[in-house]
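Next comes model_23.cif, with mmCIF, C-alpha atoms.
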```cif
data_final
#
loop_
_atom_site.label_atom_id
_atom_site.label_comp_id
_atom_site.auth_asym_id
_atom_site.auth_seq_id
_atom_site.Cartn_x
_atom_site.Cartn_y
_atom_site.Cartn_z
CA MET X 16 -58.15 29.63 27.79
CA GLY X 17 -55.91 28.39 30.59
CA VAL X 18 -53.69 25.47 29.61
CA ALA X 19 -51.85 23.14 32.00
CA PHE X 20 -48.78 21.82 30.20
CA VAL X 21 -47.38 18.67 31.82
CA THR X 22 -44.39 16.58 30.73
CA GLY X 23 -43.78 13.05 31.96
CA ALA X 24 -47.57 12.71 32.07
CA SER X 25 -47.76 9.01 31.26
CA SER X 26 -46.93 7.89 34.82
CA GLY X 27 -45.99 8.84 38.35
CA MET X 28 -45.88 12.47 39.41
CA GLY X 29 -46.71 13.79 35.96
CA ARG X 30 -49.89 11.76 35.72
CA GLU X 31 -50.98 12.86 39.20
CA PHE X 32 -50.34 16.51 38.38
CA VAL X 33 -52.63 16.13 35.36
CA ARG X 34 -55.42 14.64 37.46
CA VAL X 35 -55.20 17.35 40.09
CA LEU X 36 -54.84 20.28 37.69
CA ALA X 37 -57.69 19.09 35.47
CA ALA X 38 -60.06 19.73 38.39
CA ARG X 39 -58.95 23.35 38.89
CA SER X 40 -61.11 26.25 37.81
CA ASP X 41 -58.22 28.09 36.12
CA VAL X 42 -57.48 25.14 33.80
CA ASP X 43 -59.62 24.81 30.66
CA GLU X 44 -57.39 22.40 28.77
CA VAL X 45 -54.48 20.08 29.52
CA TRP X 46 -51.57 19.32 27.22
CA VAL X 47 -49.87 16.06 28.14
CA VAL X 48 -46.40 15.08 26.90
CA ALA X 49 -44.60 11.74 27.14
CA ARG X 50 -43.27 8.96 24.92
CA ARG X 51 -45.99 6.37 25.61
CA ILE X 52 -48.97 7.57 23.61
CA GLU X 53 -51.29 4.76 24.71
CA ARG X 54 -50.91 5.83 28.35
CA LEU X 55 -51.49 9.46 27.46
CA GLU X 56 -54.67 8.58 25.58
CA ALA X 57 -55.93 6.53 28.53
CA LEU X 58 -55.26 9.47 30.85
CA ALA X 59 -57.00 11.88 28.49
CA ALA X 60 -60.09 9.67 28.55
CA GLU X 61 -60.42 9.87 32.33
CA ILE X 62 -60.03 13.60 33.00
CA PRO X 63 -62.92 16.09 32.73
CA VAL X 64 -61.36 18.74 30.47
CA PRO X 65 -60.20 18.74 26.82
CA THR X 66 -56.77 17.19 26.48
CA ARG X 67 -54.13 17.51 23.82
CA VAL X 68 -51.86 14.48 23.58
CA ILE X 69 -48.30 15.04 22.35
CA ALA X 70 -46.18 11.91 22.02
CA ALA X 71 -42.61 13.18 22.18
CA ASP X 72 -39.22 11.98 23.35
CA LEU X 73 -37.75 14.96 25.17
CA SER X 74 -34.23 13.54 24.99
CA CYS X 75 -34.06 14.25 21.26
CA GLY X 76 -34.39 17.38 19.20
CA GLU X 77 -37.37 16.05 17.25
CA GLY X 78 -39.50 15.85 20.39
CA LEU X 79 -38.79 19.43 21.40
CA ALA X 80 -39.35 20.61 17.83
CA ALA X 81 -42.80 18.96 17.80
CA ILE X 82 -43.74 20.77 21.01
CA ARG X 83 -42.47 24.09 19.67
CA MET X 84 -44.54 23.66 16.52
CA ALA X 85 -47.69 22.80 18.47
CA LEU X 86 -47.28 25.92 20.61
CA GLU X 87 -46.72 28.15 17.61
CA GLU X 88 -49.80 26.79 15.87
CA SER X 89 -52.17 27.10 18.84
CA ASN X 90 -50.65 30.08 20.68
CA PRO X 91 -52.17 28.98 24.03
CA GLN X 92 -52.15 30.83 27.34
CA VAL X 93 -50.23 28.44 29.60
CA THR X 94 -51.36 28.73 33.21
CA TYR X 95 -49.26 25.85 34.56
CA LEU X 96 -46.01 24.35 33.32
CA VAL X 97 -45.07 21.13 35.12
CA ASN X 98 -41.77 19.56 34.10
CA ALA X 99 -42.22 16.07 35.54
CA ALA X 100 -40.29 14.12 32.90
CA GLY X 101 -37.22 12.58 34.48
CA LEU X 102 -34.93 9.58 34.53
CA GLY X 103 -32.87 7.98 37.29
CA LYS X 104 -30.54 5.00 37.38
CA VAL X 105 -29.04 3.24 40.39
CA GLY X 106 -25.37 2.27 40.15
CA SER X 107 -21.82 3.57 40.10
CA TYR X 108 -19.55 4.85 37.34
CA ALA X 109 -18.68 1.19 36.68
CA THR X 110 -22.22 -0.17 36.31
CA ILE X 111 -24.24 2.58 34.62
CA SER X 112 -23.90 2.54 30.85
CA PRO X 113 -22.79 5.62 28.91
CA THR X 114 -26.20 5.58 27.23
CA ASP X 115 -28.01 5.81 30.58
CA VAL X 116 -25.68 8.57 31.75
CA THR X 117 -26.34 10.58 28.60
CA SER X 118 -30.09 10.01 28.86
CA MET X 119 -30.21 11.21 32.47
CA ILE X 120 -28.37 14.42 31.61
CA ASP X 121 -30.38 14.99 28.43
CA VAL X 122 -33.81 14.44 30.01
CA ASN X 123 -33.25 15.79 33.52
CA CYS X 124 -31.22 18.85 32.54
CA ALA X 125 -31.11 19.84 28.87
CA ALA X 126 -34.68 18.89 27.95
CA ALA X 127 -36.15 20.47 31.09
CA VAL X 128 -34.36 23.77 30.50
CA LEU X 129 -35.11 23.90 26.78
CA LEU X 130 -38.76 22.98 27.36
CA THR X 131 -39.09 25.71 29.98
CA GLN X 132 -37.56 28.30 27.67
CA THR X 133 -39.95 27.20 24.94
CA VAL X 134 -43.10 27.46 27.06
CA VAL X 135 -42.46 30.59 29.16
CA PRO X 136 -43.23 33.02 26.29
CA TYR X 137 -46.80 31.61 26.33
CA MET X 138 -47.27 32.31 30.03
CA VAL X 139 -48.85 35.39 31.60
CA ARG X 140 -48.94 37.11 34.98
CA GLY X 141 -50.23 34.66 37.56
CA SER X 142 -48.89 31.58 35.76
CA HIS X 143 -47.03 28.82 37.59
CA ILE X 144 -43.89 26.79 36.85
CA LEU X 145 -43.18 23.61 38.80
CA GLU X 146 -39.92 21.87 38.03
CA VAL X 147 -40.07 18.37 39.54
CA VAL X 148 -36.62 17.97 41.05
CA SER X 149 -35.87 15.73 44.08
CA CYS X 150 -34.45 15.88 47.58
CA ALA X 151 -31.48 14.16 45.91
CA SER X 152 -30.58 17.70 44.83
CA PHE X 153 -29.59 18.61 48.39
CA LEU X 154 -26.35 16.60 48.53
CA PRO X 155 -24.17 14.20 46.48
CA LEU X 156 -25.38 10.59 46.55
CA PRO X 157 -22.87 7.90 45.56
CA HIS X 158 -24.53 5.17 43.46
CA LEU X 159 -27.22 7.69 42.52
CA ASN X 160 -24.53 10.15 41.59
CA VAL X 161 -25.49 11.30 38.09
CA TYR X 162 -29.16 11.46 39.01
CA ALA X 163 -28.46 13.54 42.14
CA ALA X 164 -26.10 15.83 40.25
CA SER X 165 -28.66 16.40 37.49
CA LYS X 166 -31.27 17.30 40.10
CA ALA X 167 -28.86 19.68 41.83
CA PHE X 168 -28.49 21.39 38.47
CA MET X 169 -32.27 21.73 38.15
CA GLN X 170 -32.67 23.10 41.66
CA SER X 171 -30.04 25.72 40.91
CA TYR X 172 -31.62 26.51 37.54
CA THR X 173 -35.08 26.95 39.06
CA ARG X 174 -33.79 29.26 41.77
CA GLY X 175 -32.09 31.43 39.17
CA LEU X 176 -35.14 31.36 36.90
CA ARG X 177 -37.27 32.78 39.72
CA TRP X 178 -35.12 35.92 39.70
CA GLU X 179 -35.11 36.15 35.92
CA LEU X 180 -38.92 36.10 36.06
CA HIS X 181 -39.07 38.86 38.67
CA GLY X 182 -41.71 41.38 37.69
CA THR X 183 -43.53 39.06 35.28
CA GLY X 184 -45.90 37.61 37.88
CA ILE X 185 -44.80 34.07 36.97
CA CYS X 186 -43.67 31.96 39.93
CA ALA X 187 -41.22 29.05 39.61
CA THR X 188 -40.77 26.38 42.29
CA ALA X 189 -38.37 23.43 42.53
CA VAL X 190 -40.37 20.43 43.79
CA CYS X 191 -38.04 18.33 45.96
CA PRO X 192 -39.86 15.38 47.56
CA PHE X 193 -38.41 12.26 49.17
CA TRP X 194 -39.21 8.87 47.58
CA VAL X 195 -42.62 8.84 45.92
CA ARG X 196 -44.67 5.71 45.18
CA THR X 197 -44.20 5.62 41.42
CA GLU X 198 -42.41 3.47 38.84
CA PHE X 199 -39.16 5.31 39.54
CA VAL X 200 -37.53 2.58 41.65
CA GLU X 201 -38.38 -0.22 39.22
CA VAL X 202 -36.93 1.70 36.28
CA ALA X 203 -33.92 2.99 38.23
CA GLN X 204 -32.85 -0.53 39.20
CA ARG X 205 -32.60 -1.78 35.63
CA THR X 206 -28.82 -1.53 35.70
CA GLY X 207 -25.82 -3.63 36.68
CA GLY X 208 -25.86 -1.86 40.03
CA ALA X 209 -29.50 -2.57 40.82
CA LYS X 210 -28.76 -3.60 44.41
CA ASP X 211 -26.48 -0.68 45.22
CA VAL X 212 -29.45 1.03 46.89
CA ARG X 213 -31.47 -1.62 48.70
CA HIS X 214 -34.17 0.32 50.50
CA PHE X 215 -36.47 3.20 49.60
CA PRO X 216 -38.19 4.02 52.93
CA PHE X 217 -40.74 6.68 53.92
CA THR X 218 -42.39 6.81 50.51
CA GLN X 219 -45.15 9.36 49.92
CA ARG X 220 -48.31 9.18 47.85
CA PRO X 221 -48.06 11.12 44.56
CA ARG X 222 -51.25 13.05 45.27
CA THR X 223 -49.93 14.27 48.62
CA VAL X 224 -46.75 15.54 46.98
CA VAL X 225 -48.64 17.21 44.13
CA ARG X 226 -51.03 19.09 46.41
CA ARG X 227 -48.22 20.29 48.67
CA ALA X 228 -46.15 21.33 45.66
CA LEU X 229 -48.98 23.40 44.22
CA LEU X 230 -49.58 25.05 47.59
CA ALA X 231 -45.88 25.89 47.94
CA ASN X 232 -45.89 27.43 44.47
CA ARG X 233 -48.92 29.57 45.29
CA LEU X 234 -47.05 30.73 48.38
CA HIS X 235 -44.15 31.71 46.08
CA LEU X 236 -41.69 29.33 47.73
CA ALA X 237 -38.45 28.62 45.87
CA VAL X 238 -38.33 24.99 47.04
CA ALA X 239 -41.18 22.65 47.95
CA CYS X 240 -39.93 19.80 50.16
CA CYS X 241 -43.43 18.28 50.39
CA GLY X 242 -42.59 16.23 53.48
CA VAL X 243 -40.70 16.06 56.76
CA VAL X 244 -37.90 13.75 55.55
CA SER X 245 -37.10 15.97 52.58
CA LEU X 246 -37.11 19.04 54.81
CA LEU X 247 -34.67 17.38 57.21
CA LEU X 248 -32.35 16.48 54.32
CA ARG X 249 -32.47 20.07 53.11
CA VAL X 250 -31.54 21.36 56.56
CA THR X 251 -28.76 18.84 57.13
CA GLY X 252 -27.38 19.54 53.66
CA LYS X 253 -26.97 23.19 54.66
CA PHE X 254 -25.50 22.83 58.12
CA ILE X 255 -23.71 19.47 58.24
CA PRO X 256 -20.56 18.85 56.17
CA TRP X 257 -21.27 16.83 53.05
CA CYS X 258 -18.75 14.16 54.02
CA VAL X 259 -20.87 13.39 57.10
CA ASP X 260 -24.11 13.40 55.11
CA ILE X 261 -22.62 11.09 52.48
CA ALA X 262 -21.37 8.69 55.15
CA GLY X 263 -24.91 8.52 56.51
CA TRP X 264 -26.27 7.84 53.03
CA GLU X 265 -23.74 5.05 52.56
CA VAL X 266 -24.98 3.35 55.73
CA LEU X 267 -28.61 3.72 54.64
CA ARG X 268 -28.17 2.44 51.09
CA ARG X 269 -26.25 -0.65 52.24
CA ALA X 270 -28.55 -1.54 55.14
#
```
As structure tokens, the full file:
Amino acid sequence: MGVAFVTGASSGMGREFVRVLAARSDVDEVWVVARRIERLEALAAEIPVPTRVIAADLSCGEGLAAIRMALEESNPQVTYLVNAAGLGKVGSYATISPTDVTSMIDVNCAAAVLLTQTVVPYMVRGSHILEVVSCASFLPLPHLNVYAASKAFMQSYTRGLRWELHGTGICATAVCPFWVRTEFVEVAQRTGGAKDVRHFPFTQRPRTVVRRALLANRLHLAVACCGVVSLLLRVTGKFIPWCVDIAGWEVLRRA
């Protein structure tokens, strides 16, 4: 039985990954994880394969413990692991609360790594890991600083994980799109620095990003940019000094 295990499945990229994976021939069941159980149940009702709903807050130990217990009880063969749970907040050191800072680090970094370590033992040769990162991982972004730094951590972690998995037949890819049309912006602007980033241009459809991410993973790519803008940011982050890139970001966010 091939299981697709998706976190952050109640909205945005996670929900779209569930919809796309549920239609694949190598997926017999989907496990969906998020805090909002009513959204998970609504999603489960619309997809064509059996679905296991796990309501869990990944920022706390209890949520991860519940997932670990469910895996131990069922001993599934996980074909896909998609870590799409994430949190971002717009603002500076002066406007983002300590609680939001802690939550971003806990969810984007600690929970993603611990969840991956928990699920990998249930994966087999030919399985796929997609860590939903962001093109924000390519360079520092003032006023999205903690978010960008947490995503840089996850890009680095995923690259290293690929080498640790060498010989297992399991492929890990860091998914690094530009802005995607999800609830991210609305949630991210619920801070004292809501207007620090005023525009979110060149947004992509979630389904487009998901399909390109899955293709990149099947091609064994370390990073899936999923679009031209993200690819350009990746290239400029490598060859142009960060001080120049950051100055360009400052112009864009204030425009």
Of the residues X:Arg67, X:Arg268, X:Arg30, X:His181, which is the one nearest to His158 of chain X, using all atoms listed in the file?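 Looking only at the distances to His158 of chain X, the closest residue turns out to be X:Arg268.
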Quick one: residues within 12 Å of Gly263 of chain X, all atoms listed in the file, excluding same-chain residues fewer than 3 positions away - as number ranges by chain? X: 154-157, 248, 251-252, 255-260, 266-270
Quick one: pull the distance between atom CA of Asp43 of chain X and atom CA of Trp178 of chain X, Å, one decimal. 28.4 Å
What's the separation between atom CA of Ala237 of chain X and atom CA of Thr188 of chain X, in Å to one decimal place? 4.8 Å
Can I get the residues of segment 114-209 of chain X within 8 Å of segment 89-95 of chain X, each with the closest pair of atoms and their distance in Å to one decimal, using all atoms listed in the file, sorted chain first then ascending number, as JSON lines?
```
{"residue": "X:Val134", "atom": "CA", "partner": "X:Val93", "partner_atom": "CA", "distance": 7.6}
{"residue": "X:Tyr137", "atom": "CA", "partner": "X:Gln92", "partner_atom": "CA", "distance": 5.5}
{"residue": "X:Met138", "atom": "CA", "partner": "X:Val93", "partner_atom": "CA", "distance": 4.9}
{"residue": "X:Val139", "atom": "CA", "partner": "X:Gln92", "partner_atom": "CA", "distance": 7.1}
{"residue": "X:Gly141", "atom": "CA", "partner": "X:Thr94", "partner_atom": "CA", "distance": 7.4}
{"residue": "X:Ser142", "atom": "CA", "partner": "X:Thr94", "partner_atom": "CA", "distance": 4.6}
{"residue": "X:His143", "atom": "CA", "partner": "X:Tyr95", "partner_atom": "CA", "distance": 4.8}
{"residue": "X:Ile144", "atom": "CA", "partner": "X:Tyr95", "partner_atom": "CA", "distance": 5.9}
{"residue": "X:Leu145", "atom": "CA", "partner": "X:Tyr95", "partner_atom": "CA", "distance": 7.7}
```
Between X:Arg83, X:Met169, X:Ser149, X:Val105, single out the one closest to Ala125 of chain X, counting all atoms listed in the file.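 Counting all atoms listed in the file, the residue closest to Ala125 of chain X is X:Met169.
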When distances are computed from only C-alpha atoms, which of X:Glu53, X:Glu77, X:Glu44, X:Asp121 shows the smallest separation from Pro65 of chain X?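 So, comparing all the options, the nearest one is X:Glu44.
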